[in-house]
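J.: A single structure is presented below for examination.
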Amino acid sequence: MHDIRVEVGFDILQANEALAEKNRALLDDFGVTAFNIMGAIGSGKTTLIELAADRLGDRHGIGAIAGDIVADIDAERFKRHNVPTVPLNTGKECHLDAHLVEHALERLPLDDLDILFIENVGNLICPTDYSLGEHHRVVIVSVSEGDDIVEKHPMIFKTCSLAIVNKVDIAKAVNADADKMVDDVLRINPRIKALKTSKTTGEGVDDWIKFIEGNMNVHR
Amino acid sequence: MHEYSVAMGVYEVVLNVALKNNAARVISVDLELGELTHINPVQLSFCFEAVAKGSLLERTDLNVIKVAPEIRCKCGYEGSINTEQQTFYDLILNLRCPKCGNPAPELTSGREINVRDIKMEVDGNA
Ligand SMILES: Nc1nc2c(ncn2[C@@H]2O[C@H](COP(=O)(O)OP(=O)(O)OP(=O)(O)O)[C@@H](O)[C@H]2O)c(=O)[nH]1
Ligand SMILES: [Mg+2]
Ligand SMILES: [Zn+2]
């Protein structure tokens with residue numbers, strides 16, 4: 001018996017980053033633009049993806065990955081909008097990672113897709129550190145989480161290119177100031193685009209659709 | 001936070017190396033942990049212990065080495081930023097170049113979860 005010391009130098013986040021890069025290259029090969037949809041639990045991630053699928057489905061091929069503790073519920077919702085979907089049950093995990101997404105990509109008809117929505121686990125902290133191979137990161141919060149939710153979770157807003165404050169139709173009822181939330185977002189990240197949306201009134205939905213179409217990669 | 005999944009990740013990396021080296025036991029692991037990750041070292045050690053139970057890593061010491069954030073800026077500045085008396089969130093919110101004030105410098109360290117080296121007990125003589 002003797003002791004040895006082995007230098008390893010294996011960085012867990014970098015390993016995820018490398019896998020994410022691989023996923024991105026695969027998506028690029030198929031001309032698919034991927035959006036990592038992150039946000040608070042119940043903030044409207046599935047709803048906003050459904051709206052996008054309805055508005056864009058006749059012009060673009062749309063697919064989805066539904067990541068959740070129990071993913072089948074959201075996956076069924078996407079399928080009802082004719083979106084090919086792979087559910088990713090994360091069990092104990094609080095975020096998706098590039099490895100899970102790698103296997104989900106194997107099960108999607110990438111040839112038919114132009115846009116891939118990856119709904120991450122509802123959580124404003126953990127998904128931040130893990131790239132999946134997406135081209136754009138979107139964070140969704142809603143007024144019902146309280147209007148200090150943005151200041152409490154600055155990191156995720158630093159890493160996204162679009163922030164959505166959803167459910168503005170009920171802001172008054174829950175005593176939240178949606179404009180303050182948008183101000184907080186822009187203070188944390190001056191380069192981010194921020195939108196207020198509502199499924200009920202349709203406010204901001206056009207801009208959400210514009211953001212998606214405006215950020216699609218040109219195919220090959 | 002995802003201390004549990006990070007602990008799982010560290011466990012898998014270490015176990016792989018230990019098996020490759022025919023280790024009888026892993027004595028200690030040096031893990032570099034960037035201060036800008038969302039990982040709490042105490043919770044991480046706790047999770048690691050739980051994950052390692054009943055394995056080669058059962059009594060392994062997890063030495064967490066904190067790594068301070070450093071930046072590189074287009075103005076030429078490379079190095080540390082003042083992290084004293086700043087809470088974690090202030091640190092992120094106020095991340096800027098100390099020389100020119102640029103609010104978007106490139107982070108060169110502070111986000112690592114790096115299994116740096118492993119000390120283990122092996123059979124035989126070498
Ligand atoms: N009033 C109002 N309700 C909304 C709006 N958008 C979504 N909802 C409702 O909020 C609830 C949650 O919406 P989802 O789209 O399932 O939210 P989610 O973020 O996907 O939820 P999880 O996947 O469980 O984290 C549903 O009952 C939606 O109908 C909105 O703009 N206004
Ligand atoms: Mg959902
Ligand atoms: Zn500078």
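Residues are named by chain letter and number: chains run A, B, ... in the order of the structure tokens, numbers start at 1 in each chain, and ligands are numbered from 1 in the order shown.
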Find the spatial neighbours of range 107-119 of chain B, counting only C-alpha atoms, within a cut-off of 10 Å - ignore same-chain residues fewer than 5 positions away - and output them as a PyMOL selection string.
T.: (chain A and resi 3-15+129) or (chain B and resi 6+9-11+13-14+17-18+23+25-39+60-62+64-73+78-80+95-96)
J.: Could you list the protein, DNA and RNA residues that have any atom within 10 Å of ligand 3, counting only C-alpha atoms and all ligand atoms, and write them as a PDB file with C-alpha atoms, in the first residue's frame?
T.:
```
ATOM      1  CA  ILE B  71     -11.195  39.496 -15.209  1.00  0.00           C
ATOM      2  CA  ARG B  72      -9.575  40.511 -18.445  1.00  0.00           C
ATOM      3  CA  CYS B  73     -10.644  43.819 -19.952  1.00  0.00           C
ATOM      4  CA  LYS B  74     -10.265  45.296 -23.389  1.00  0.00           C
ATOM      5  CA  CYS B  75      -8.445  48.228 -21.765  1.00  0.00           C
ATOM      6  CA  GLY B  76      -5.612  45.837 -20.975  1.00  0.00           C
ATOM      7  CA  TYR B  77      -6.354  45.213 -17.311  1.00  0.00           C
ATOM      8  CA  GLU B  78      -5.944  41.620 -16.181  1.00  0.00           C
ATOM      9  CA  ARG B  96     -16.692  45.823 -13.700  1.00  0.00           C
ATOM     10  CA  CYS B  97     -13.124  46.603 -14.631  1.00  0.00           C
ATOM     11  CA  PRO B  98     -11.402  48.341 -11.711  1.00  0.00           C
ATOM     12  CA  LYS B  99      -9.200  50.306 -14.108  1.00  0.00           C
ATOM     13  CA  CYS B 100     -11.609  51.702 -16.712  1.00  0.00           C
ATOM     14  CA  GLY B 101     -15.040  50.924 -15.270  1.00  0.00           C
ATOM     15  CA  ASN B 102     -16.148  48.756 -18.223  1.00  0.00           C
ATOM     16  CA  PRO B 103     -19.208  46.856 -16.932  1.00  0.00           C
ATOM     17  CA  ALA B 104     -18.702  43.855 -19.200  1.00  0.00           C
ATOM     18  CA  PRO B 105     -15.170  42.539 -18.750  1.00  0.00           C
ATOM     19  CA  GLU B 106     -14.381  38.934 -19.601  1.00  0.00           C
TER      20      GLU B 106
END
```
J.: Could the residues that lie within 9 Å of ligand 2, counting only C-alpha atoms and all ligand atoms, be listed as a list of chain:residue names?
T.: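 Counting only C-alpha atoms and all ligand atoms, the residues within 9 Å of ligand 2 come out as A:Ile41, A:Gly42, A:Ser43, A:Gly44, A:Lys45, A:Thr46, A:Thr47, A:Ala66, A:Gly67, A:Asp68, A:Ala71, A:Ile73, A:Asp74, A:Ala75, A:Arg77, A:Glu119, A:Asn120, A:Val121, A:Gly122.
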J.: Keeping N, CA, C and O atoms for every residue in the selection just given, could you write it to a file as a PDB file, in the first residue's frame?
T.:
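Output saved as result.pdb:
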```
ATOM      1  N   ILE A  41     -40.960  28.984 -11.639  1.00  0.00           N
ATOM      2  CA  ILE A  41     -42.030  27.974 -11.711  1.00  0.00           C
ATOM      3  C   ILE A  41     -43.353  28.672 -11.997  1.00  0.00           C
ATOM      4  O   ILE A  41     -43.697  29.652 -11.337  1.00  0.00           O
ATOM      5  N   GLY A  42     -44.071  28.182 -12.986  1.00  0.00           N
ATOM      6  CA  GLY A  42     -45.409  28.702 -13.250  1.00  0.00           C
ATOM      7  C   GLY A  42     -45.450  30.100 -13.841  1.00  0.00           C
ATOM      8  O   GLY A  42     -46.505  30.723 -13.900  1.00  0.00           O
ATOM      9  N   SER A  43     -44.314  30.604 -14.313  1.00  0.00           N
ATOM     10  CA  SER A  43     -44.282  31.990 -14.800  1.00  0.00           C
ATOM     11  C   SER A  43     -44.885  32.121 -16.196  1.00  0.00           C
ATOM     12  O   SER A  43     -45.198  33.227 -16.644  1.00  0.00           O
ATOM     13  N   GLY A  44     -45.035  30.987 -16.902  1.00  0.00           N
ATOM     14  CA  GLY A  44     -45.634  31.039 -18.233  1.00  0.00           C
ATOM     15  C   GLY A  44     -44.713  30.540 -19.332  1.00  0.00           C
ATOM     16  O   GLY A  44     -44.926  30.854 -20.508  1.00  0.00           O
ATOM     17  N   LYS A  45     -43.725  29.750 -18.984  1.00  0.00           N
ATOM     18  CA  LYS A  45     -42.791  29.241 -19.988  1.00  0.00           C
ATOM     19  C   LYS A  45     -43.530  28.428 -21.048  1.00  0.00           C
ATOM     20  O   LYS A  45     -43.397  28.678 -22.248  1.00  0.00           O
ATOM     21  N   THR A  46     -44.315  27.458 -20.604  1.00  0.00           N
ATOM     22  CA  THR A  46     -45.037  26.606 -21.551  1.00  0.00           C
ATOM     23  C   THR A  46     -46.024  27.444 -22.365  1.00  0.00           C
ATOM     24  O   THR A  46     -46.122  27.298 -23.590  1.00  0.00           O
ATOM     25  N   THR A  47     -46.725  28.345 -21.696  1.00  0.00           N
ATOM     26  CA  THR A  47     -47.711  29.194 -22.370  1.00  0.00           C
ATOM     27  C   THR A  47     -47.076  30.003 -23.498  1.00  0.00           C
ATOM     28  O   THR A  47     -47.616  30.057 -24.612  1.00  0.00           O
ATOM     29  N   ALA A  66     -39.116  19.350 -23.358  1.00  0.00           N
ATOM     30  CA  ALA A  66     -39.781  19.779 -22.128  1.00  0.00           C
ATOM     31  C   ALA A  66     -39.038  19.192 -20.944  1.00  0.00           C
ATOM     32  O   ALA A  66     -39.089  18.000 -20.696  1.00  0.00           O
ATOM     33  N   GLY A  67     -38.333  20.042 -20.241  1.00  0.00           N
ATOM     34  CA  GLY A  67     -37.588  19.575 -19.076  1.00  0.00           C
ATOM     35  C   GLY A  67     -38.330  19.932 -17.809  1.00  0.00           C
ATOM     36  O   GLY A  67     -38.716  21.075 -17.623  1.00  0.00           O
ATOM     37  N   ASP A  68     -38.563  18.964 -16.973  1.00  0.00           N
ATOM     38  CA  ASP A  68     -39.251  19.257 -15.724  1.00  0.00           C
ATOM     39  C   ASP A  68     -39.062  18.079 -14.776  1.00  0.00           C
ATOM     40  O   ASP A  68     -38.646  17.001 -15.193  1.00  0.00           O
ATOM     41  N   ALA A  71     -41.938  15.788 -16.665  1.00  0.00           N
ATOM     42  CA  ALA A  71     -41.951  16.562 -17.904  1.00  0.00           C
ATOM     43  C   ALA A  71     -43.132  16.237 -18.812  1.00  0.00           C
ATOM     44  O   ALA A  71     -43.464  17.004 -19.712  1.00  0.00           O
ATOM     45  N   ILE A  73     -46.272  16.313 -18.577  1.00  0.00           N
ATOM     46  CA  ILE A  73     -47.441  17.190 -18.585  1.00  0.00           C
ATOM     47  C   ILE A  73     -47.255  18.314 -19.603  1.00  0.00           C
ATOM     48  O   ILE A  73     -48.109  18.554 -20.457  1.00  0.00           O
ATOM     49  N   ASP A  74     -46.116  19.000 -19.536  1.00  0.00           N
ATOM     50  CA  ASP A  74     -45.849  20.062 -20.507  1.00  0.00           C
ATOM     51  C   ASP A  74     -45.667  19.487 -21.914  1.00  0.00           C
ATOM     52  O   ASP A  74     -46.085  20.090 -22.903  1.00  0.00           O
ATOM     53  N   ALA A  75     -45.047  18.313 -21.996  1.00  0.00           N
ATOM     54  CA  ALA A  75     -44.835  17.697 -23.310  1.00  0.00           C
ATOM     55  C   ALA A  75     -46.174  17.438 -23.999  1.00  0.00           C
ATOM     56  O   ALA A  75     -46.330  17.680 -25.201  1.00  0.00           O
ATOM     57  N   ARG A  77     -48.869  19.130 -23.580  1.00  0.00           N
ATOM     58  CA  ARG A  77     -49.385  20.427 -24.035  1.00  0.00           C
ATOM     59  C   ARG A  77     -48.764  20.826 -25.375  1.00  0.00           C
ATOM     60  O   ARG A  77     -49.460  21.245 -26.290  1.00  0.00           O
ATOM     61  N   GLU A 119     -37.589  23.997 -22.901  1.00  0.00           N
ATOM     62  CA  GLU A 119     -38.127  24.520 -21.642  1.00  0.00           C
ATOM     63  C   GLU A 119     -37.332  23.938 -20.486  1.00  0.00           C
ATOM     64  O   GLU A 119     -37.339  22.736 -20.251  1.00  0.00           O
ATOM     65  N   ASN A 120     -36.645  24.801 -19.771  1.00  0.00           N
ATOM     66  CA  ASN A 120     -35.813  24.361 -18.658  1.00  0.00           C
ATOM     67  C   ASN A 120     -36.661  24.150 -17.409  1.00  0.00           C
ATOM     68  O   ASN A 120     -37.847  24.492 -17.377  1.00  0.00           O
ATOM     69  N   VAL A 121     -36.072  23.595 -16.384  1.00  0.00           N
ATOM     70  CA  VAL A 121     -36.777  23.385 -15.118  1.00  0.00           C
ATOM     71  C   VAL A 121     -37.077  24.759 -14.491  1.00  0.00           C
ATOM     72  O   VAL A 121     -36.256  25.661 -14.556  1.00  0.00           O
ATOM     73  N   GLY A 122     -38.269  24.889 -13.928  1.00  0.00           N
ATOM     74  CA  GLY A 122     -38.663  26.160 -13.320  1.00  0.00           C
ATOM     75  C   GLY A 122     -37.805  26.488 -12.113  1.00  0.00           C
ATOM     76  O   GLY A 122     -37.943  25.868 -11.051  1.00  0.00           O
TER      77      GLY A 122
END
```
J.: Please identify all residues of chain A having at least one atom at most 12 Å from any atom of chain B, considering only C-alpha atoms, and return them as a PyMOL selection string.
T.: chain A and resi 1-17+90-97+99+123-130+150-159+184-191
J.: Could you save the residues just selected, with N, CA and C atoms, as a short mmCIF file (atom, residue, chain, number, x, y, z; two decimals), in the first residue's frame?
T.:
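Final file, out06.cif:
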```cif
data_model
loop_
_atom_site.label_atom_id
_atom_site.label_comp_id
_atom_site.auth_asym_id
_atom_site.auth_seq_id
_atom_site.Cartn_x
_atom_site.Cartn_y
_atom_site.Cartn_z
N MET A 1 0.84 -1.21 0.00
CA MET A 1 0.00 0.00 0.00
C MET A 1 0.87 1.26 0.00
N HIS A 2 0.57 2.16 -0.88
CA HIS A 2 1.22 3.46 -0.78
C HIS A 2 0.28 4.52 -1.34
N ASP A 3 0.60 5.75 -1.03
CA ASP A 3 -0.28 6.85 -1.47
C ASP A 3 0.25 7.48 -2.75
N ILE A 4 -0.64 7.79 -3.63
CA ILE A 4 -0.23 8.56 -4.81
C ILE A 4 -1.13 9.78 -4.95
N ARG A 5 -0.60 10.78 -5.64
CA ARG A 5 -1.40 11.96 -5.93
C ARG A 5 -1.50 12.09 -7.45
N VAL A 6 -2.70 12.18 -7.95
CA VAL A 6 -2.91 12.27 -9.40
C VAL A 6 -3.50 13.63 -9.73
N GLU A 7 -2.86 14.32 -10.67
CA GLU A 7 -3.42 15.58 -11.13
C GLU A 7 -4.54 15.28 -12.11
N VAL A 8 -5.70 15.87 -11.90
CA VAL A 8 -6.83 15.56 -12.75
C VAL A 8 -7.19 16.76 -13.63
N GLY A 9 -7.55 17.86 -13.01
CA GLY A 9 -7.90 19.04 -13.79
C GLY A 9 -9.14 18.86 -14.64
N PHE A 10 -10.17 18.28 -14.05
CA PHE A 10 -11.44 18.10 -14.78
C PHE A 10 -12.46 19.07 -14.22
N ASP A 11 -12.85 20.02 -15.04
CA ASP A 11 -13.82 21.03 -14.59
C ASP A 11 -15.22 20.65 -15.04
N ILE A 12 -16.11 20.52 -14.08
CA ILE A 12 -17.45 20.02 -14.36
C ILE A 12 -18.24 20.97 -15.26
N LEU A 13 -18.11 22.26 -15.00
CA LEU A 13 -18.84 23.21 -15.85
C LEU A 13 -18.23 23.28 -17.25
N GLN A 14 -16.90 23.18 -17.31
CA GLN A 14 -16.27 23.21 -18.63
C GLN A 14 -16.61 21.97 -19.45
N ALA A 15 -16.73 20.84 -18.78
CA ALA A 15 -17.11 19.62 -19.48
C ALA A 15 -18.52 19.77 -20.05
N ASN A 16 -19.40 20.39 -19.26
CA ASN A 16 -20.75 20.66 -19.76
C ASN A 16 -20.70 21.62 -20.94
N GLU A 17 -19.85 22.63 -20.82
CA GLU A 17 -19.68 23.63 -21.87
C GLU A 17 -19.25 22.97 -23.18
N THR A 90 -36.37 15.23 -15.11
CA THR A 90 -35.12 15.53 -14.43
C THR A 90 -35.08 14.94 -13.02
N GLY A 91 -36.21 14.44 -12.54
CA GLY A 91 -36.20 13.85 -11.20
C GLY A 91 -35.72 14.85 -10.17
N LYS A 92 -34.60 14.50 -9.53
CA LYS A 92 -34.08 15.35 -8.45
C LYS A 92 -33.38 16.59 -8.99
N GLU A 93 -32.97 16.56 -10.26
CA GLU A 93 -32.14 17.64 -10.75
C GLU A 93 -32.93 18.94 -10.89
N CYS A 94 -32.25 20.03 -10.62
CA CYS A 94 -32.89 21.34 -10.62
C CYS A 94 -32.63 22.09 -11.90
N HIS A 95 -32.03 21.44 -12.89
CA HIS A 95 -31.70 22.12 -14.14
C HIS A 95 -31.47 21.07 -15.22
N LEU A 96 -31.59 21.49 -16.47
CA LEU A 96 -31.16 20.62 -17.57
C LEU A 96 -29.66 20.80 -17.76
N ASP A 97 -29.00 19.79 -18.31
CA ASP A 97 -27.61 19.99 -18.70
C ASP A 97 -27.41 19.48 -20.13
N HIS A 99 -25.74 17.18 -21.38
CA HIS A 99 -25.77 15.74 -21.60
C HIS A 99 -27.20 15.25 -21.81
N ASN A 123 -36.90 27.45 -12.28
CA ASN A 123 -35.89 27.70 -11.26
C ASN A 123 -35.05 28.87 -11.79
N LEU A 124 -34.81 29.86 -10.97
CA LEU A 124 -34.08 31.04 -11.46
C LEU A 124 -32.60 31.00 -11.11
N ILE A 125 -32.15 29.91 -10.51
CA ILE A 125 -30.76 29.87 -10.07
C ILE A 125 -29.96 28.82 -10.83
N CYS A 126 -30.36 27.57 -10.65
CA CYS A 126 -29.52 26.48 -11.12
C CYS A 126 -29.30 26.43 -12.64
N PRO A 127 -30.31 26.67 -13.46
CA PRO A 127 -30.08 26.56 -14.91
C PRO A 127 -29.05 27.55 -15.44
N THR A 128 -28.81 28.62 -14.69
CA THR A 128 -27.91 29.68 -15.15
C THR A 128 -26.52 29.17 -15.52
N ASP A 129 -26.01 28.23 -14.76
CA ASP A 129 -24.63 27.78 -14.94
C ASP A 129 -24.46 26.77 -16.06
N TYR A 130 -25.55 26.25 -16.61
CA TYR A 130 -25.43 25.14 -17.54
C TYR A 130 -25.90 25.50 -18.95
N VAL A 150 -36.95 39.91 -9.57
CA VAL A 150 -35.82 40.16 -10.46
C VAL A 150 -34.57 40.53 -9.65
N GLU A 151 -34.72 41.47 -8.72
CA GLU A 151 -33.53 41.87 -7.94
C GLU A 151 -32.98 40.71 -7.12
N LYS A 152 -33.84 39.78 -6.76
CA LYS A 152 -33.37 38.66 -5.94
C LYS A 152 -32.55 37.65 -6.73
N HIS A 153 -32.67 37.67 -8.05
CA HIS A 153 -31.97 36.67 -8.87
C HIS A 153 -31.22 37.32 -10.02
N PRO A 154 -30.26 38.18 -9.72
CA PRO A 154 -29.62 38.95 -10.79
C PRO A 154 -28.85 38.11 -11.80
N MET A 155 -28.24 37.02 -11.35
CA MET A 155 -27.31 36.30 -12.23
C MET A 155 -27.97 35.85 -13.53
N ILE A 156 -29.17 35.32 -13.42
CA ILE A 156 -29.80 34.77 -14.62
C ILE A 156 -30.06 35.87 -15.65
N PHE A 157 -30.36 37.08 -15.17
CA PHE A 157 -30.63 38.18 -16.10
C PHE A 157 -29.35 38.66 -16.78
N LYS A 158 -28.22 38.41 -16.11
CA LYS A 158 -26.93 38.76 -16.70
C LYS A 158 -26.62 37.89 -17.91
N THR A 159 -27.16 36.66 -17.91
CA THR A 159 -26.73 35.70 -18.92
C THR A 159 -27.73 35.52 -20.06
N ASP A 184 -35.60 46.91 -13.18
CA ASP A 184 -34.61 46.07 -12.48
C ASP A 184 -33.81 45.24 -13.48
N VAL A 185 -34.53 44.66 -14.44
CA VAL A 185 -33.87 43.83 -15.46
C VAL A 185 -32.81 44.66 -16.19
N LEU A 186 -33.20 45.86 -16.61
CA LEU A 186 -32.29 46.68 -17.42
C LEU A 186 -31.13 47.23 -16.60
N ARG A 187 -31.37 47.44 -15.32
CA ARG A 187 -30.29 47.90 -14.45
C ARG A 187 -29.25 46.78 -14.29
N ILE A 188 -29.72 45.57 -14.13
CA ILE A 188 -28.81 44.43 -13.96
C ILE A 188 -28.06 44.15 -15.26
N ASN A 189 -28.76 44.25 -16.37
CA ASN A 189 -28.14 43.95 -17.67
C ASN A 189 -28.60 44.95 -18.72
N PRO A 190 -27.83 46.02 -18.92
CA PRO A 190 -28.24 47.07 -19.85
C PRO A 190 -28.35 46.59 -21.30
N ARG A 191 -27.77 45.44 -21.61
CA ARG A 191 -27.79 44.99 -23.01
C ARG A 191 -28.93 44.02 -23.32
#
```
J.: According to DSSP computed on the backbone, where in chain B is there strand (DSSP E or B)? Give the residues as an MDAnalysis selection string.
T.: chainID B and resid 23:34 61:67 70:72 78:80 106:109 113:122
J.: Keeping only N, CA, C and O atoms, write those residues as a short mmCIF file (atom, residue, chain, number, x, y, z; two decimals), in the first residue's frame.
T.:
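Dumped to part-v1.cif:
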```cif
data_model
loop_
_atom_site.label_atom_id
_atom_site.label_comp_id
_atom_site.auth_asym_id
_atom_site.auth_seq_id
_atom_site.Cartn_x
_atom_site.Cartn_y
_atom_site.Cartn_z
N ALA B 23 -7.21 2.09 -7.15
CA ALA B 23 -7.10 2.61 -5.79
C ALA B 23 -7.88 1.75 -4.81
O ALA B 23 -8.94 1.21 -5.14
N ALA B 24 -7.31 1.58 -3.62
CA ALA B 24 -8.02 0.87 -2.56
C ALA B 24 -8.93 1.85 -1.82
O ALA B 24 -9.97 1.47 -1.28
N ARG B 25 -8.52 3.10 -1.84
CA ARG B 25 -9.27 4.11 -1.11
C ARG B 25 -8.83 5.48 -1.62
O ARG B 25 -7.68 5.68 -1.99
N VAL B 26 -9.77 6.40 -1.66
CA VAL B 26 -9.41 7.77 -2.03
C VAL B 26 -9.27 8.58 -0.74
O VAL B 26 -10.19 8.61 0.08
N ILE B 27 -8.10 9.15 -0.54
CA ILE B 27 -7.84 9.86 0.71
C ILE B 27 -8.42 11.27 0.68
O ILE B 27 -9.15 11.68 1.58
N SER B 28 -8.08 11.99 -0.39
CA SER B 28 -8.59 13.36 -0.44
C SER B 28 -8.73 13.85 -1.87
O SER B 28 -8.09 13.35 -2.80
N VAL B 29 -9.57 14.83 -2.04
CA VAL B 29 -9.80 15.46 -3.34
C VAL B 29 -9.65 16.96 -3.16
O VAL B 29 -10.24 17.53 -2.23
N ASP B 30 -8.84 17.59 -4.01
CA ASP B 30 -8.77 19.05 -4.01
C ASP B 30 -9.68 19.58 -5.10
O ASP B 30 -9.49 19.29 -6.28
N LEU B 31 -10.67 20.34 -4.67
CA LEU B 31 -11.65 20.86 -5.62
C LEU B 31 -11.58 22.38 -5.62
O LEU B 31 -11.78 23.03 -4.61
N GLU B 32 -11.31 22.94 -6.81
CA GLU B 32 -11.33 24.40 -6.93
C GLU B 32 -12.76 24.85 -7.21
O GLU B 32 -13.40 24.36 -8.13
N LEU B 33 -13.21 25.78 -6.39
CA LEU B 33 -14.59 26.24 -6.51
C LEU B 33 -14.62 27.75 -6.68
O LEU B 33 -14.24 28.50 -5.77
N GLY B 34 -15.03 28.19 -7.85
CA GLY B 34 -15.08 29.63 -8.11
C GLY B 34 -16.12 30.31 -7.24
O GLY B 34 -17.19 29.77 -7.00
N ASP B 61 -11.69 13.05 2.13
CA ASP B 61 -11.79 14.47 2.48
C ASP B 61 -11.97 15.29 1.22
O ASP B 61 -11.17 15.20 0.30
N LEU B 62 -12.99 16.09 1.20
CA LEU B 62 -13.17 16.99 0.07
C LEU B 62 -12.63 18.36 0.49
O LEU B 62 -13.24 19.05 1.31
N ASN B 63 -11.46 18.71 -0.06
CA ASN B 63 -10.89 20.03 0.25
C ASN B 63 -11.38 21.04 -0.77
O ASN B 63 -11.01 20.98 -1.93
N VAL B 64 -12.21 21.94 -0.32
CA VAL B 64 -12.72 22.95 -1.25
C VAL B 64 -11.81 24.17 -1.20
O VAL B 64 -11.59 24.75 -0.15
N ILE B 65 -11.24 24.49 -2.36
CA ILE B 65 -10.34 25.63 -2.46
C ILE B 65 -11.08 26.74 -3.20
O ILE B 65 -11.42 26.61 -4.37
N LYS B 66 -11.36 27.81 -2.50
CA LYS B 66 -12.12 28.90 -3.13
C LYS B 66 -11.26 29.65 -4.12
O LYS B 66 -10.09 29.94 -3.85
N VAL B 67 -11.83 29.96 -5.26
CA VAL B 67 -11.10 30.72 -6.28
C VAL B 67 -11.78 32.07 -6.49
O VAL B 67 -12.97 32.15 -6.80
N GLU B 70 -11.49 36.72 -11.35
CA GLU B 70 -10.53 37.58 -12.05
C GLU B 70 -11.08 37.92 -13.41
O GLU B 70 -11.87 37.17 -13.98
N ILE B 71 -10.67 39.05 -13.92
CA ILE B 71 -11.20 39.50 -15.21
C ILE B 71 -10.06 39.87 -16.17
O ILE B 71 -8.92 40.06 -15.77
N ARG B 72 -10.45 39.95 -17.43
CA ARG B 72 -9.58 40.51 -18.45
C ARG B 72 -10.41 41.55 -19.19
O ARG B 72 -11.54 41.28 -19.58
N GLU B 78 -5.74 43.04 -16.47
CA GLU B 78 -5.94 41.62 -16.18
C GLU B 78 -5.69 41.40 -14.71
O GLU B 78 -4.65 41.79 -14.21
N GLY B 79 -6.62 40.79 -14.03
CA GLY B 79 -6.36 40.49 -12.63
C GLY B 79 -7.61 40.48 -11.79
O GLY B 79 -8.73 40.31 -12.30
N SER B 80 -7.41 40.67 -10.50
CA SER B 80 -8.51 40.49 -9.56
C SER B 80 -9.40 41.73 -9.51
O SER B 80 -9.06 42.80 -10.01
N GLU B 106 -14.32 40.40 -19.46
CA GLU B 106 -14.38 38.93 -19.60
C GLU B 106 -13.92 38.29 -18.29
O GLU B 106 -12.88 38.64 -17.75
N LEU B 107 -14.71 37.35 -17.80
CA LEU B 107 -14.33 36.63 -16.57
C LEU B 107 -13.30 35.57 -16.92
O LEU B 107 -13.55 34.73 -17.77
N THR B 108 -12.15 35.61 -16.29
CA THR B 108 -11.15 34.57 -16.57
C THR B 108 -11.09 33.54 -15.46
O THR B 108 -10.58 32.45 -15.65
N SER B 109 -11.58 33.87 -14.28
CA SER B 109 -11.75 32.84 -13.26
C SER B 109 -12.84 33.25 -12.30
O SER B 109 -13.31 34.39 -12.30
N ILE B 113 -15.50 24.71 -11.26
CA ILE B 113 -15.81 23.58 -10.37
C ILE B 113 -14.84 22.50 -10.82
O ILE B 113 -15.19 21.61 -11.59
N ASN B 114 -13.61 22.64 -10.39
CA ASN B 114 -12.52 21.89 -11.00
C ASN B 114 -11.93 20.85 -10.04
O ASN B 114 -11.41 21.20 -9.00
N VAL B 115 -12.06 19.59 -10.44
CA VAL B 115 -11.42 18.53 -9.66
C VAL B 115 -9.93 18.61 -9.99
O VAL B 115 -9.50 18.17 -11.04
N ARG B 116 -9.15 19.25 -9.10
CA ARG B 116 -7.76 19.55 -9.44
C ARG B 116 -6.86 18.33 -9.26
O ARG B 116 -6.22 17.88 -10.18
N ASP B 117 -6.80 17.79 -8.08
CA ASP B 117 -6.05 16.55 -7.92
C ASP B 117 -6.63 15.65 -6.83
O ASP B 117 -7.46 16.09 -6.03
N ILE B 118 -6.18 14.42 -6.87
CA ILE B 118 -6.76 13.39 -6.02
C ILE B 118 -5.62 12.61 -5.36
O ILE B 118 -4.64 12.24 -6.02
N LYS B 119 -5.75 12.40 -4.07
CA LYS B 119 -4.76 11.59 -3.36
C LYS B 119 -5.41 10.26 -3.01
O LYS B 119 -6.52 10.24 -2.47
N MET B 120 -4.75 9.17 -3.35
CA MET B 120 -5.37 7.87 -3.06
C MET B 120 -4.35 6.84 -2.63
O MET B 120 -3.15 6.98 -2.85
N GLU B 121 -4.88 5.79 -2.02
CA GLU B 121 -4.08 4.68 -1.55
C GLU B 121 -4.16 3.59 -2.61
O GLU B 121 -5.26 3.18 -2.97
N VAL B 122 -2.99 3.13 -3.08
CA VAL B 122 -3.03 2.08 -4.10
C VAL B 122 -2.23 0.86 -3.65
O VAL B 122 -1.31 0.97 -2.84
#
```
J.: Gly204 in chain A: which residues within 10 Å, counting only C-alpha atoms, same-chain residues fewer than 4 positions away excluded, as a PyMOL selection string?
T.: chain A and resi 164-166+168+195-199+208-210
J.: Work out how far apart atom 28 (C, counted along the ligand's line) of ligand 1 and CA of Arg80 in chain A are and give it in Å to one decimal.
T.: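 Separation between atom 28 (C, counted along the ligand's line) of ligand 1 and CA of Arg80 in chain A: 15.4 Å.
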J.: May I ask for the distance between CA of Ala25 in chain A and CA of Val83 in chain A, given in Å to one decimal place?
T.: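 CA of Val83 in chain A lies 22.5 Å from CA of Ala25 in chain A.
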J.: I'd like the neighbourhood of Val101 in chain A as a VMD selection string, where a residue qualifies if any of its atoms comes within 12 Å (using only C-alpha atoms), though same-chain residues fewer than 4 positions away should be ignored.
T.: chain A and resid 16 19 to 24 26 to 27 34 36 64 to 67 86 to 90 95 to 97 105 to 108 116 to 120 130 to 134
J.: What is the CA of Val141 in chain A-atom 18 (P, counted along the ligand's line) of ligand 1 distance in Å, reported with one decimal?
T.: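 It comes out at 9.5 Å.
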J.: Could you pull out the residues in chain B that DSSP calls alpha helix (DSSP H) from the backbone, as a ChimeraX atom specification?
T.: /B:3-20,41-52,88-93
